[in-house]
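Chemist: A single structure is presented below for examination.
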Amino acid sequence: MTEGLRLEVTGARRIVVKVGSSSLTSAAGGIDPSHLSQLVDVLAAARQRGAEVVLVSSGAIAAGLAPLGLAKRPRGLAAQQAAASVGQGLLVHRYTEELARHGVVAGQVLLTLDDVTRRSHYRNAYQTFAKLLELGVLPIVNENDTVATNEIRFGDNDRLASLVAHLVHADLLVLLSDVDGLYDADPREPGARRITDVTSPADLAQVRIGSAGAAGVGTGGMQTKVEAARIATGAGIPVVLAAADQAAVALAGEAIGTLFHATGRRQPTRLLWLAHATEPKGTLLLDPGAVRAVVERHASLLAAGITGAIGAFTAGDPVNLAGPDGVPVARGLVNFDADEVPQLLGRSSQDLKRELGAAYEREVVHRDDLVLL
């Protein structure tokens with residue numbers, strides 16, 4: 001193997017590649033055929049080397065702008081969904097044609113957050129991906145923007161790509177953008193330095209991260225890419241962030257762009273979902289002893305350690321667990337409705353069982369349904 005190549009890249013057998021809208025479309029908003037063709041050539045070459053590839057592609061909304069006579073990405077949700085409806089077919093048609101040049105079949109997979117995170121959905125989603133890859137298909141993933149609501153503002157698919165990488169048990173996530181890596185300041189500023197490797201969150205302490213894409217057709221920025229990298233690396237998946245026009249050398253393992261090294265180990269998908277893909281429906285306030293039990297001993301949360309509750313939630317909803325200072329320390333799936341909690345506060349499981357029945361003896365949040373923040 002050539003000296004200096006990134007082993008995390010060259011050794012990856014299953015790769016998720018995410019490409020943003022600005023890397024696929026022209027300034028006018030339509031699909032740029034040369035950009036898309038070059039990307040497909042790179043993906044086909046990776047497959048030729050023996051890797052399985054899943055593509056998470058933005059661009060549906062951007063691709064629908066020109067056919068609808070829209071000069072720029074619309075602000076209204078209904079107009080965005082209309083553009084996605086028109087653009088998604090155009091986008092996948094282009095990919096299908098380009099992949100056919102290499103004898104590769106494209107498969108469209110439209111997802112919402114529920115499909116990659118909820119326990120009732122993600123097993124089926126994984127089986128679908130596994131069968132597509134087994135059949136030699138290259139899955140092309142996008143959010144189901146036409147019917148999505150909150151998901152349509154999800155960060156230009158960056159976080160979705162990190163969750164898909166976890167879902168399909170990927171060895172590597174590659175984020176292709178309109179910038180050539182992570183810089184310690186705005187790349188347009190004199191003296192800004194590209195960071196070649198990120199080995200821990202401490203490496204990002206002095207980094208000033210921008211939020212806007214340059215081309216005006218995407219919704220993501222560097223902040224969403226760093227967050228996606230944090231999610232993936234925390235689950236044991238290394239991430240390469242590189243410019244789309246450097247995709248070939250990035251996937252060949254050359255030391256371009258920024259490599260985010262894995263910092264953790266693979267987690268159950270539902271815990272990744274809890275930490276990174278849910279909005280809490282409320283907050284349970286814990287006394288200091290309960291905070292120590294949850295954080296240090298990884299124990300379940302019992303009613304005895306709860307001092308209060310905020311929000312309107314029902315059993316099964318995600319809620320934050322916060323200390324006396326109100327700062328969340330964990331998130332979990334609560335086993336009681338909000339209106340049941342006041343009668344539980346500070347009481348032992350034995351007391352609750354004796355007064356209210358055996359159903360009230362259970363944990364308020366079980367440790368298997370709890371993740372530290």
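Here, A, B, ... name the chains of the structure tokens in the order displayed, residue numbers run from 1 inside each chain, and ligands are numbered from 1 in the same displayed order.
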Give me the residues within 12 Å of Pro33 (chain A) as JSON, numbers by chain, counting only C-alpha atoms and dropping any in the same chain fewer than 4 places off.

Modeler: {"A": [23, 24, 25, 26, 37, 38, 39, 40, 63, 90, 91, 93, 94, 95, 97, 98]}

Chemist: Env of region 2-13 of chain A: 9 Å cut, atoms = only C-alpha atoms, seq-sep filter 3 positions within chain, self excluded. Answer as a ChimeraX atom specification.

Modeler: /A:50-53,170-172,238-240,250-255,259,261

Chemist: Can you pull out every residue within 9 Å of Val294 (chain A), counting only C-alpha atoms, but drop anything in the same chain fewer than 2 positions away, and send it as a list of chain:residue names?

Modeler: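 Result of the neighbour search: A:Gly289, A:Ala290, A:Val291, A:Arg292, A:Glu296, A:Arg297, A:His298, A:Ala299, A:Ser300, A:Leu301, A:Val329, A:Ala330, A:Arg367, A:Leu370, A:Leu372.
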
Chemist: Excluding Arg193 (chain A) and any residue of its chain fewer than 5 positions from it, enumerate the residues within 8 Å of it, using only C-alpha atoms, and give them as a list of chain:residue names.

Modeler: A:Tyr183, A:Asp184, A:Ala185, A:Pro187

Chemist: Go ahead and dump the residues you just picked, all heavy atoms, as a short mmCIF file (atom, residue, chain, number, x, y, z; two decimals), in the first residue's frame.

Modeler:
data_model
loop_
_atom_site.label_atom_id
_atom_site.label_comp_id
_atom_site.auth_asym_id
_atom_site.auth_seq_id
_atom_site.Cartn_x
_atom_site.Cartn_y
_atom_site.Cartn_z
N TYR A 183 -11.51 24.54 8.27
CA TYR A 183 -10.48 25.53 8.55
C TYR A 183 -10.66 26.07 9.96
O TYR A 183 -11.76 26.01 10.53
CB TYR A 183 -10.56 26.68 7.54
CG TYR A 183 -9.95 26.34 6.19
CD1 TYR A 183 -10.61 25.50 5.30
CD2 TYR A 183 -8.72 26.85 5.81
CE1 TYR A 183 -10.07 25.17 4.07
CE2 TYR A 183 -8.16 26.54 4.57
CZ TYR A 183 -8.84 25.70 3.72
OH TYR A 183 -8.28 25.38 2.50
N ASP A 184 -9.57 26.63 10.51
CA ASP A 184 -9.67 27.18 11.86
C ASP A 184 -10.33 28.56 11.88
O ASP A 184 -10.54 29.13 12.95
CB ASP A 184 -8.29 27.24 12.52
CG ASP A 184 -7.29 28.07 11.73
OD1 ASP A 184 -7.66 28.64 10.69
OD2 ASP A 184 -6.11 28.14 12.16
N ALA A 185 -10.66 29.09 10.70
CA ALA A 185 -11.38 30.35 10.56
C ALA A 185 -12.03 30.33 9.18
O ALA A 185 -11.92 29.35 8.44
CB ALA A 185 -10.44 31.54 10.71
N PRO A 187 -12.36 30.33 5.52
CA PRO A 187 -11.30 30.08 4.53
C PRO A 187 -10.96 31.30 3.68
O PRO A 187 -9.87 31.35 3.11
CB PRO A 187 -11.90 28.96 3.67
CG PRO A 187 -12.94 28.33 4.52
CD PRO A 187 -13.48 29.41 5.39
#

Chemist: Could you work out how far CA of Gly357 (chain A) lies from CA of Gly316 (chain A), giving the answer in Å with one decimal?

Modeler: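 Interatomic distance here is 20.0 Å.
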
Chemist: Here is a test: counting only C-alpha atoms, which residue of A:Val207, A:Leu241, A:Val164, A:Leu373 is nearest to Ala229 (chain A)?

Modeler: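 Under the stated criterion, the closest residue is A:Leu241.
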
Chemist: Excluding Gly234 (chain A) and its own-chain neighbours fewer than 5 positions away, which residues fall within 7 Å of it when counting only C-alpha atoms? Please give them as a PyMOL selection string.

Modeler: chain A and resi 262-265

Chemist: How would the residues just chosen look if you wrote them out with N, CA, C and O atoms as a PDB file, in the first residue's frame?

Modeler:
ATOM      1  N   ALA A 262     -12.343   8.311  14.341  1.00  0.00           N
ATOM      2  CA  ALA A 262     -13.365   7.743  15.221  1.00  0.00           C
ATOM      3  C   ALA A 262     -12.963   7.962  16.674  1.00  0.00           C
ATOM      4  O   ALA A 262     -11.802   7.776  17.051  1.00  0.00           O
ATOM      5  N   THR A 263     -13.932   8.370  17.491  1.00  0.00           N
ATOM      6  CA  THR A 263     -13.665   8.638  18.900  1.00  0.00           C
ATOM      7  C   THR A 263     -14.407   7.702  19.833  1.00  0.00           C
ATOM      8  O   THR A 263     -14.130   7.685  21.032  1.00  0.00           O
ATOM      9  N   GLY A 264     -15.350   6.947  19.318  1.00  0.00           N
ATOM     10  CA  GLY A 264     -16.146   6.060  20.165  1.00  0.00           C
ATOM     11  C   GLY A 264     -16.362   4.725  19.488  1.00  0.00           C
ATOM     12  O   GLY A 264     -15.709   4.383  18.506  1.00  0.00           O
ATOM     13  N   ARG A 265     -17.288   3.970  20.031  1.00  0.00           N
ATOM     14  CA  ARG A 265     -17.634   2.661  19.483  1.00  0.00           C
ATOM     15  C   ARG A 265     -19.085   2.658  19.049  1.00  0.00           C
ATOM     16  O   ARG A 265     -19.881   3.479  19.489  1.00  0.00           O
TER      17      ARG A 265
END

Chemist: So, with only C-alpha atoms as the atoms that count, which of A:Val226, A:Ala244, A:Val249, A:Ala275 lies closest to His35 (chain A)?

Modeler: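 Among A:Val226, A:Ala244, A:Val249, A:Ala275, it is A:Ala244 that comes nearest to His35 (chain A).
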
Chemist: Can you pull out the residues contacting Phe336 (chain A)? Cut-off 12 Å, using only C-alpha atoms, and skip same-chain residues under 3 positions away; I want them as a list in words.

Modeler: Gly282, Leu284, Leu302, Ala303, Ala309, Ala312, Phe313, Thr314, Ala315, Gly316, Asp317, Pro318, Val319, Gly332, Leu333, Asp339, Glu340, Val341, Pro342, Gln343, Leu344, Ala359, Tyr360, Glu361, Arg362, Glu363, Val364, Val365 and His366 of chain A

Chemist: Go ahead and write the residues just picked, C-alpha atoms, as a PDB file, in the first residue's frame.

Modeler:
ATOM      1  CA  GLY A 282     -40.143  17.859  28.360  1.00  0.00           C
ATOM      2  CA  LEU A 284     -37.353  15.857  34.429  1.00  0.00           C
ATOM      3  CA  LEU A 302     -36.274   6.238  39.806  1.00  0.00           C
ATOM      4  CA  ALA A 303     -39.064   8.431  41.078  1.00  0.00           C
ATOM      5  CA  ALA A 309     -41.179  17.997  35.658  1.00  0.00           C
ATOM      6  CA  ALA A 312     -46.382  18.003  28.170  1.00  0.00           C
ATOM      7  CA  PHE A 313     -45.171  14.498  27.377  1.00  0.00           C
ATOM      8  CA  THR A 314     -46.662  11.029  27.226  1.00  0.00           C
ATOM      9  CA  ALA A 315     -45.177   7.639  28.029  1.00  0.00           C
ATOM     10  CA  GLY A 316     -42.605   6.702  25.403  1.00  0.00           C
ATOM     11  CA  ASP A 317     -41.621  10.292  24.571  1.00  0.00           C
ATOM     12  CA  PRO A 318     -38.013  11.508  24.767  1.00  0.00           C
ATOM     13  CA  VAL A 319     -37.349  13.828  27.714  1.00  0.00           C
ATOM     14  CA  GLY A 332     -34.304   9.099  27.790  1.00  0.00           C
ATOM     15  CA  LEU A 333     -37.676   7.588  26.973  1.00  0.00           C
ATOM     16  CA  ASP A 339     -49.702  14.392  34.502  1.00  0.00           C
ATOM     17  CA  GLU A 340     -48.673  11.234  36.394  1.00  0.00           C
ATOM     18  CA  VAL A 341     -45.281  12.559  37.463  1.00  0.00           C
ATOM     19  CA  PRO A 342     -46.305  14.941  40.305  1.00  0.00           C
ATOM     20  CA  GLN A 343     -47.612  12.071  42.425  1.00  0.00           C
ATOM     21  CA  LEU A 344     -44.303  10.209  41.940  1.00  0.00           C
ATOM     22  CA  ALA A 359     -47.525  -0.601  37.566  1.00  0.00           C
ATOM     23  CA  TYR A 360     -46.020   2.364  39.439  1.00  0.00           C
ATOM     24  CA  GLU A 361     -43.053   0.416  40.773  1.00  0.00           C
ATOM     25  CA  ARG A 362     -41.214   0.606  37.451  1.00  0.00           C
ATOM     26  CA  GLU A 363     -38.403   2.982  36.577  1.00  0.00           C
ATOM     27  CA  VAL A 364     -39.367   6.434  35.310  1.00  0.00           C
ATOM     28  CA  VAL A 365     -36.608   6.077  32.681  1.00  0.00           C
ATOM     29  CA  HIS A 366     -34.926   2.697  32.231  1.00  0.00           C
TER      30      HIS A 366
END

Chemist: List every residue of region 69-262 of chain A that DSSP, applied to the backbone of this structure, assigns to strand (DSSP E), and report them as a JSON list (two decimals) with C-alpha atoms, in the first residue's frame.

Modeler:
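selection27.json, written as the output of this step:
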[["chain", "number", "residue", "atom", "x", "y", "z"],
["A", 106, "ALA", "CA", -29.28, 2.84, -9.20],
["A", 107, "GLY", "CA", -31.87, 2.41, -6.46],
["A", 108, "GLN", "CA", -33.79, 5.35, -5.01],
["A", 109, "VAL", "CA", -34.32, 5.38, -1.24],
["A", 110, "LEU", "CA", -36.36, 8.25, 0.20],
["A", 111, "LEU", "CA", -36.16, 8.51, 3.97],
["A", 138, "LEU", "CA", -25.97, 1.66, -5.61],
["A", 139, "PRO", "CA", -28.59, 3.17, -3.28],
["A", 140, "ILE", "CA", -29.20, 6.89, -3.77],
["A", 141, "VAL", "CA", -30.65, 8.34, -0.58],
["A", 142, "ASN", "CA", -32.44, 11.61, -0.03],
["A", 143, "GLU", "CA", -34.86, 12.87, 2.54],
["A", 172, "LEU", "CA", -16.46, 5.38, 6.43],
["A", 173, "LEU", "CA", -18.51, 8.52, 5.84],
["A", 174, "VAL", "CA", -17.35, 11.00, 3.19],
["A", 175, "LEU", "CA", -18.91, 14.48, 3.20],
["A", 176, "LEU", "CA", -18.37, 16.28, -0.12],
["A", 177, "SER", "CA", -18.85, 20.02, -0.03],
["A", 182, "LEU", "CA", -12.38, 22.31, 7.87],
["A", 183, "TYR", "CA", -10.48, 25.53, 8.55],
["A", 194, "ARG", "CA", -6.93, 23.88, 6.98],
["A", 195, "ILE", "CA", -7.12, 21.28, 9.72],
["A", 197, "ASP", "CA", -6.94, 15.74, 11.26],
["A", 198, "VAL", "CA", -9.45, 15.95, 14.09],
["A", 239, "VAL", "CA", -15.32, 10.86, 8.45],
["A", 240, "VAL", "CA", -13.58, 12.63, 5.58],
["A", 241, "LEU", "CA", -14.68, 16.16, 4.71],
["A", 242, "ALA", "CA", -13.45, 17.28, 1.29],
["A", 243, "ALA", "CA", -14.34, 19.36, -1.74],
["A", 258, "THR", "CA", -10.07, 16.88, 6.89],
["A", 259, "LEU", "CA", -10.13, 13.43, 8.48],
["A", 260, "PHE", "CA", -12.23, 13.14, 11.63]]

Chemist: I want to know what sits within 7 Å of Gly64 (chain A), based on only C-alpha atoms, with residues of the same chain fewer than 5 positions away left out; could you give that as a ChimeraX atom specification?

Modeler: /A:83-84,86-87
